[in-house]
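Okay, final-v5.cif now, which holds mmCIF, C-alpha atoms and all ligand atoms:
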```cif
data_my_file
#
loop_
_atom_site.label_atom_id
_atom_site.label_comp_id
_atom_site.auth_asym_id
_atom_site.auth_seq_id
_atom_site.Cartn_x
_atom_site.Cartn_y
_atom_site.Cartn_z
CA MET J 1 14.30 65.83 54.42
CA ASP J 2 13.96 68.30 51.60
CA THR J 3 15.40 71.60 52.85
CA ALA J 4 18.36 72.38 55.11
CA PHE J 5 19.31 75.71 56.64
CA MET J 6 23.08 75.43 57.09
CA MET J 7 24.44 77.97 59.58
CA VAL J 8 28.02 78.17 58.38
CA THR J 9 29.08 80.49 61.19
CA HIS J 10 27.56 82.47 64.05
CA ARG J 11 30.03 85.30 63.42
CA CYS J 12 28.96 88.51 61.66
CA ASN J 13 30.45 91.88 60.81
CA ARG J 14 27.22 93.64 61.83
CA ILE J 15 25.57 93.90 65.23
CA CYS J 16 21.91 94.32 64.29
CA PRO J 17 19.79 95.13 67.35
CA PHE J 18 17.22 92.52 66.32
CA CYS J 19 19.73 89.75 65.57
CA PHE J 20 18.84 86.50 67.37
CA TYR J 21 22.40 86.42 68.70
CA THR J 22 22.52 90.09 69.73
CA THR J 23 19.28 89.80 71.69
CA GLY J 24 20.29 86.50 73.24
CA HIS J 25 17.41 84.59 71.66
CA LEU J 26 19.92 82.15 70.15
CA SER J 27 23.03 81.02 71.96
CA TYR J 28 26.35 80.73 70.20
CA PRO J 29 27.39 77.25 69.13
CA ALA J 30 30.14 75.66 71.18
CA ARG J 31 32.50 75.56 68.17
CA GLU J 32 32.52 75.90 64.40
CA MET J 33 33.05 73.05 62.00
CA GLY J 34 36.23 73.15 59.94
CA GLU J 35 36.26 72.96 56.14
CA GLY J 36 36.51 69.18 56.01
CA GLU J 37 33.70 68.85 58.54
CA LEU J 38 31.48 71.23 56.58
CA MET J 39 32.01 69.16 53.43
CA LYS J 40 31.33 65.96 55.35
CA SER J 41 28.12 67.38 56.77
CA LEU J 42 27.03 68.44 53.28
CA ALA J 43 27.53 64.86 52.09
CA SER J 44 25.41 63.66 55.03
CA LEU J 45 22.66 66.11 54.12
CA ASP J 46 22.74 64.77 50.58
CA SER J 47 22.47 61.20 51.85
CA ILE J 48 19.25 61.97 53.77
CA GLY J 49 17.65 63.54 50.73
CA VAL J 50 18.24 67.29 51.13
CA ARG J 51 17.58 68.94 47.77
CA ARG J 52 17.46 72.60 48.82
CA LEU J 53 20.35 74.14 50.74
CA ILE J 54 20.03 77.55 52.38
CA LEU J 55 23.41 78.85 53.51
CA THR J 56 23.13 81.32 56.34
CA GLY J 57 24.80 82.48 59.54
CA GLY J 58 25.85 84.84 61.09
CA GLU J 59 27.35 86.10 57.87
CA PRO J 60 28.25 83.08 55.73
CA LEU J 61 30.59 85.01 53.44
CA LEU J 62 32.95 85.60 56.35
CA ARG J 63 34.01 82.01 55.78
CA GLY J 64 36.02 81.16 52.69
CA GLU J 65 34.47 77.68 52.80
CA THR J 66 31.10 79.06 51.67
CA ILE J 67 32.14 79.23 48.02
CA PRO J 68 33.34 75.60 47.84
CA LEU J 69 30.18 74.54 49.71
CA LEU J 70 27.97 76.31 47.17
CA ARG J 71 29.92 74.73 44.34
CA ARG J 72 29.78 71.22 45.81
CA ALA J 73 26.07 71.49 46.62
CA GLY J 74 25.48 72.37 42.97
CA GLU J 75 27.45 69.31 41.87
CA LEU J 76 25.18 67.25 44.14
CA GLY J 77 22.15 68.67 42.34
CA MET J 78 20.91 70.81 45.22
CA ALA J 79 19.14 74.13 44.68
CA ARG J 80 21.06 76.75 46.64
CA LEU J 81 20.04 79.96 48.33
CA LEU J 82 22.60 82.22 49.98
CA LEU J 83 21.38 84.49 52.80
CA THR J 84 23.88 87.31 53.29
CA ASN J 85 24.02 90.89 54.45
CA GLY J 86 26.09 91.57 51.33
CA ASP J 87 28.76 93.57 53.13
CA PRO J 88 31.64 91.25 52.21
CA PHE J 89 30.98 91.58 48.46
CA ASP J 90 33.58 93.11 46.24
CA ASP J 91 33.71 92.47 42.49
CA HIS J 92 35.86 89.38 42.96
CA LEU J 93 33.64 87.74 45.59
CA ALA J 94 30.46 88.57 43.68
CA ALA J 95 31.97 86.98 40.56
CA GLN J 96 32.93 83.90 42.58
CA VAL J 97 29.36 83.48 43.84
CA ALA J 98 28.01 84.06 40.33
CA ALA J 99 30.38 81.44 38.94
CA CYS J 100 28.71 78.87 41.24
CA ARG J 101 25.52 79.60 39.29
CA ILE J 102 23.44 79.44 42.43
CA GLU J 103 19.69 79.73 42.19
CA GLY J 104 19.11 82.57 44.64
CA VAL J 105 20.74 85.23 46.78
CA THR J 106 18.84 87.02 49.53
CA LEU J 107 20.40 90.26 50.73
CA SER J 108 19.61 91.79 54.14
CA VAL J 109 19.00 95.45 53.40
CA ASN J 110 17.95 97.54 56.35
CA SER J 111 19.12 101.03 55.43
CA LEU J 112 19.60 103.03 52.25
CA ALA J 113 23.31 103.27 52.94
CA GLU J 114 23.55 99.46 52.92
CA ALA J 115 21.42 99.31 49.79
CA ARG J 116 23.57 101.75 47.85
CA ARG J 117 26.71 99.81 48.71
CA LEU J 118 25.14 96.77 47.00
CA ASP J 119 24.42 98.49 43.71
CA ARG J 120 27.75 97.57 42.21
CA CYS J 121 27.56 93.84 42.93
CA ILE J 122 23.90 93.31 41.98
CA PRO J 123 24.46 92.99 38.20
CA LEU J 124 27.30 90.56 38.85
CA LEU J 125 25.21 88.45 41.22
CA ARG J 126 22.28 88.40 38.84
CA ASN J 127 24.48 86.36 36.56
CA GLY J 128 22.65 87.14 33.35
CA GLY J 129 19.30 86.33 34.95
CA ALA J 130 20.32 82.87 36.22
CA THR J 131 20.19 83.93 39.88
CA TRP J 132 17.07 85.32 41.56
CA LEU J 133 17.78 88.21 43.94
CA THR J 134 15.65 89.11 46.93
CA ALA J 135 15.93 91.88 49.49
CA THR J 136 14.99 91.06 53.07
CA ILE J 137 13.90 94.26 54.76
CA VAL J 138 13.38 94.23 58.52
CA PHE J 139 11.04 96.84 59.93
CA THR J 140 11.58 98.05 63.46
CA GLY J 141 10.04 100.61 65.73
CA ARG J 142 12.32 103.22 64.16
CA ASN J 143 12.62 102.75 60.42
CA ALA J 144 9.03 102.69 59.12
CA ARG J 145 9.61 105.56 56.71
CA GLU J 146 12.86 104.19 55.36
CA VAL J 147 11.20 100.83 54.62
CA ASP J 148 9.16 102.54 51.90
CA LEU J 149 12.34 103.80 50.21
CA LEU J 150 14.00 100.42 50.55
CA CYS J 151 11.05 98.72 48.87
CA GLU J 152 11.31 101.20 46.01
CA TRP J 153 15.05 100.55 45.78
CA ALA J 154 14.43 96.80 45.49
CA ARG J 155 11.59 97.16 42.98
CA ALA J 156 13.73 99.43 40.79
CA ARG J 157 16.24 96.59 40.60
CA ALA J 158 13.62 93.91 39.88
CA MET J 159 14.38 92.18 43.15
CA GLY J 160 11.94 90.17 45.21
CA ILE J 161 11.06 91.60 48.62
CA ILE J 162 10.57 89.92 51.99
CA LEU J 163 9.25 92.19 54.71
CA GLN J 164 9.95 90.97 58.24
CA PRO J 165 9.17 92.49 61.61
CA ALA J 166 12.14 92.76 63.96
CA PHE J 167 11.71 90.25 66.74
CA ILE J 168 13.02 91.70 70.00
CA PRO J 169 12.44 89.33 72.90
CA GLY J 170 10.92 90.66 76.10
CA GLY J 171 13.61 91.87 78.47
CA ALA J 172 16.10 92.82 75.71
CA VAL J 173 17.60 96.27 76.35
CA CYS J 174 16.52 97.61 72.96
CA LEU J 175 12.93 96.34 73.22
CA SER J 176 11.25 99.72 73.54
CA GLU J 177 13.37 101.32 70.83
CA PHE J 178 13.31 98.71 68.09
CA SER J 179 10.35 96.38 68.55
CA PRO J 180 7.43 97.02 66.19
CA HIS J 181 5.35 96.86 69.38
CA SER J 182 6.61 100.38 70.07
CA LEU J 183 5.27 101.76 66.76
CA ASP J 184 2.57 104.35 67.25
CA ASP J 185 -0.46 104.94 65.02
CA ALA J 186 1.53 107.30 62.78
CA GLY J 187 4.19 104.63 62.24
CA TRP J 188 1.59 101.99 61.42
CA SER J 189 -0.17 104.36 59.06
CA VAL J 190 3.03 104.30 57.01
CA LEU J 191 3.65 100.58 57.34
CA ILE J 192 0.19 99.18 56.73
CA PRO J 193 -0.10 100.39 53.12
CA LEU J 194 3.41 99.04 52.49
CA LEU J 195 2.48 95.64 53.90
CA ASP J 196 -0.75 95.63 51.90
CA ARG J 197 0.99 96.45 48.64
CA TRP J 198 3.74 93.92 49.26
CA ALA J 199 1.26 91.18 50.23
CA HIS J 200 -0.80 91.89 47.11
CA ASP J 201 2.24 91.85 44.80
CA ALA J 202 3.93 88.85 46.39
CA GLY J 203 0.84 86.76 47.13
CA THR J 204 1.60 86.80 50.83
CA THR J 205 -1.72 88.05 52.16
CA ARG J 206 -2.05 85.45 54.94
CA TYR J 207 1.47 86.05 56.14
CA ALA J 208 0.85 89.81 56.24
CA GLU J 209 -2.32 89.14 58.25
CA TYR J 210 -0.32 87.13 60.81
CA ILE J 211 2.09 90.03 61.15
CA MET J 212 -0.71 92.53 61.68
CA ALA J 213 -2.41 90.30 64.23
CA LEU J 214 0.81 89.87 66.21
CA TYR J 215 1.03 93.63 66.65
CA GLY J 216 -2.66 94.12 67.42
CA ARG J 217 -3.43 95.62 64.01
CA GLY J 218 -5.74 92.97 62.63
CA PRO J 219 -7.79 89.88 63.44
CA GLY J 220 -5.55 87.28 61.72
CA ALA J 221 -5.34 83.88 63.36
CA ARG J 222 -2.34 81.67 64.09
CA PRO J 223 -1.39 79.53 61.10
CA SER J 224 -2.54 75.93 61.22
CA SER J 225 0.84 74.68 60.08
CA CYS J 226 4.41 75.87 60.33
CA GLY J 227 6.68 76.61 57.38
CA MET J 228 9.48 74.63 59.03
CA GLY J 229 7.10 71.69 58.62
CA SER J 230 8.37 68.14 58.57
CA ASP J 231 10.77 68.42 55.65
CA THR J 232 13.10 71.12 56.93
CA LEU J 233 16.10 70.99 59.23
CA VAL J 234 18.59 73.40 60.72
CA LEU J 235 22.29 72.49 60.83
CA ASP J 236 24.13 74.70 63.29
CA ALA J 237 27.76 75.73 62.82
CA ASP J 238 28.90 73.13 65.36
CA GLY J 239 27.19 70.25 63.56
CA MET J 240 24.10 70.04 65.77
CA VAL J 241 20.87 69.41 63.88
CA TYR J 242 17.52 70.84 64.95
CA ALA J 243 13.98 70.62 63.65
CA CYS J 244 13.65 74.41 63.99
CA PHE J 245 15.85 77.41 64.85
CA HIS J 246 13.71 78.06 67.93
CA ARG J 247 13.14 74.51 69.16
CA ARG J 248 16.51 73.60 70.61
CA ASP J 249 14.61 71.06 72.70
CA LEU J 250 14.12 69.13 69.46
CA ALA J 251 17.83 68.47 68.88
CA ALA J 252 18.41 65.51 66.61
CA GLY J 253 22.10 64.99 67.35
CA ASN J 254 25.40 66.06 65.86
CA ILE J 255 25.85 65.32 62.18
CA LEU J 256 29.56 64.64 62.68
CA GLU J 257 28.97 62.05 65.40
CA GLU J 258 25.83 60.16 64.45
CA PRO J 259 24.84 58.33 61.28
CA PRO J 260 22.76 60.60 59.03
CA GLU J 261 19.93 58.04 58.99
CA ALA J 262 19.70 58.19 62.80
CA ILE J 263 19.47 61.98 62.65
CA ALA J 264 16.81 61.79 59.95
CA ALA J 265 14.80 59.35 62.09
CA LYS J 266 14.90 61.75 65.06
CA LEU J 267 13.82 64.62 62.83
CA ARG J 268 10.90 62.59 61.57
CA ALA J 269 9.91 61.85 65.17
CA ALA J 270 9.97 65.58 65.91
CA ALA J 271 7.93 66.47 62.84
CA SER J 272 4.52 66.26 64.45
CA ARG J 273 5.66 68.65 67.17
CA VAL J 274 6.87 71.14 64.58
CA CYS J 275 4.41 71.17 61.73
CA THR J 276 1.25 71.85 63.73
CA ALA J 277 2.58 75.22 64.93
CA PRO J 278 1.70 75.12 68.65
CA CYS J 279 4.81 77.22 69.28
CA TYR J 280 4.06 79.84 66.64
CA GLY J 281 4.95 83.40 67.64
CA GLU J 282 6.65 86.64 66.72
CA HIS J 283 10.02 84.95 66.28
CA CYS J 284 8.56 82.60 63.63
CA VAL J 285 7.27 85.54 61.61
CA SER J 286 10.74 87.05 61.77
CA LEU J 287 11.96 83.91 60.07
CA PHE J 288 9.12 84.01 57.54
CA CYS J 289 8.39 80.43 58.52
CA GLY J 290 4.68 80.74 59.07
CA HIS J 291 3.77 80.65 55.44
CA GLN J 292 4.69 78.08 52.84
CA SER J 293 4.58 80.53 49.96
CA ILE J 294 7.24 82.86 51.33
S1 LIG J 301 23.34 90.76 59.50
FE1 LIG J 301 22.13 89.00 60.25
S2 LIG J 301 23.57 87.69 61.38
FE2 LIG J 301 24.52 89.72 61.13
S3 LIG J 301 24.04 90.83 63.02
FE3 LIG J 301 22.47 91.35 61.50
S4 LIG J 301 20.79 89.86 61.84
FE4 LIG J 301 22.63 89.06 62.89
S1 LIG J 302 5.93 77.43 64.89
FE1 LIG J 302 7.80 78.70 65.04
S2 LIG J 302 8.96 77.90 66.81
FE2 LIG J 302 7.38 76.39 66.22
S3 LIG J 302 8.47 74.98 64.86
FE3 LIG J 302 7.49 76.55 63.56
S4 LIG J 302 9.06 78.17 63.25
FE4 LIG J 302 9.69 76.87 64.96
#
```

Take the structure I supplied and represent it as structure tokens, if you would.
Amino acid sequence: MDTAFMMVTHRCNRICPFCFYTTGHLSYPAREMGEGELMKSLASLDSIGVRRLILTGGEPLLRGETIPLLRRAGELGMARLLLTNGDPFDDHLAAQVAACRIEGVTLSVNSLAEARRLDRCIPLLRNGGATWLTATIVFTGRNAREVDLLCEWARARAMGIILQPAFIPGGAVCLSEFSPHSLDDAGWSVLIPLLDRWAHDAGTTRYAEYIMALYGRGPGARPSSCGMGSDTLVLDADGMVYACFHRRDLAAGNILEEPPEAIAAKLRAAASRVCTAPCYGEHCVSLFCGHQSI
């Protein structure tokens, strides 16, 4: 196993309408691991060969354990990426993250107000160029015009950009308001040039084509393989390990209760059901998992 998404907590200070928890697409874990358990699970990940750790949530910075986890993962030689909405940052917390000398921070930036609040911590997080910063910008049925401004904001700060469609499952109360399916031609006429420019700059043309196809705006085909692939795992906040965020049927056991090698063996057994992408859909694009280069 090469890469682990570690969901440190399901809790978050925001209630985004497209959040997997808000829409009910993901259920809350039964409990959250304590600090000692998080450290133990990190050691288990190391023992099964994880070399890239992606700390996520919920909002991982709501837990004080995230900083020691980042530090310890660095001591173990793992490359670390922190996915955060950035809201918890003050100068002190940004300096603490920077002191861990992590390789990347991805900030969820979905409005200009959120973006402007981050301006102060960005130079601290950049850590003299040692840490790569990326803005994840989710487009919905409502914010097409603001996405353009957010992309400009990120470019002006030399940040990478990930554009994601908001995945709103069928039946969710906010489906008609926030799903990109509700965008009209005028909305797409704003978004399509943005997607084209981003795909050209970032080398993500195939991924952009998948997005367009999902919303009936292009002929793109399903990917032949899934970015979760056979080398990636998801560790939920309660210690459960999955081959994919969306494939809870492919549970590989609890990392606190089973030997790491047994979990790795179950993940390997699940690999063929993951990496050929039979389950590919709008939710996968929201996780930017359909394309290896993202
Ligand atoms: S910031 Fe992320 S975890 Fe928090 S509510 Fe929004 S989508 Fe969910
Ligand atoms: S195709 Fe989608 S649902 Fe299936 S394993 Fe990949 S990311 Fe998960």

Problem set entry | Minimum-distance residue to Val109 in chain J, chosen among J:Phe167, J:Trp198, J:Phe18, J:Trp153 (using only C-alpha atoms) | J:Trp153

For this session: Please give me, as JSON, numbers by chain, the residues lying within 6 Å of ligand LIG 302 (chain J) when counting all atoms listed in the file.
Result: {"J": [226, 228, 244, 246, 247, 274, 277, 279, 280, 284, 289]}

For this session: May I have the residues at most 12 Å from (25.1, 83.6, 71.0) in the file's coordinates, counting only C-alpha atoms, as a PyMOL selection string?
Result: chain J and resi 9-12+15+19-31+57-58+236-237

Problem set entry | All residues 6 Å or closer to range 83-85 of chain J, all atoms listed in the file, same chain fewer than 3 positions away omitted, as a PyMOL selection string | chain J and resi 56+59+106-108

Quick one: what's the axis-aligned box for ligand LIG 301 (chain J), all listed atoms, 3 Å on every side, centre and edges in Å to one decimal, as AutoDock Vina command-line options?
```
--center_x 22.7 --center_y 89.5 --center_z 61.3 --size_x 9.7 --size_y 9.7 --size_z 9.5
```

For this session: Do a neighbour search on Cys100 in chain J at 9 Å with only C-alpha atoms, toss out local chain neighbours closer than 6 positions, and write the hits as a PyMOL selection string.
Result: chain J and resi 67-68+70-72+74

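Omitting Ala144 in chain J and its sequence neighbours fewer than 4 positions away, and counting all atoms listed in the file, the residues within 9 Å are Phe139, Thr140, Asp148, Leu183, Gly187, Trp188, Val190 and Leu191 of chain J.
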
Expected file contents, prior selection, C-alpha atoms, as a PDB file, keeping the file's coordinate frame:
```pdb
ATOM      1  CA  PHE J 139      11.040  96.840  59.930  1.00  0.00           C
ATOM      2  CA  THR J 140      11.580  98.050  63.460  1.00  0.00           C
ATOM      3  CA  ASP J 148       9.160 102.540  51.900  1.00  0.00           C
ATOM      4  CA  LEU J 183       5.270 101.760  66.760  1.00  0.00           C
ATOM      5  CA  GLY J 187       4.190 104.630  62.240  1.00  0.00           C
ATOM      6  CA  TRP J 188       1.590 101.990  61.420  1.00  0.00           C
ATOM      7  CA  VAL J 190       3.030 104.300  57.010  1.00  0.00           C
ATOM      8  CA  LEU J 191       3.650 100.580  57.340  1.00  0.00           C
TER       9      LEU J 191
END
```

For this session: Determine the nearest neighbour of Ala158 in chain J from the options J:Trp132, J:Tyr207, J:Phe178, J:Phe5, counting all atoms listed in the file.
Result: J:Trp132

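Taking all atoms listed in the file into account, Arg222 in chain J lies nearest to J:Val285 out of the set J:Val285, J:Leu267, J:Leu235, J:Ala199.
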
Problem set entry | Distance criterion (all atoms listed in the file): nearest to ligand LIG 301 (chain J) out of J:Arg157, J:His200, J:Lys266, J:Arg14 |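 Smallest distance to ligand LIG 301 (chain J) is found for J:Arg14.
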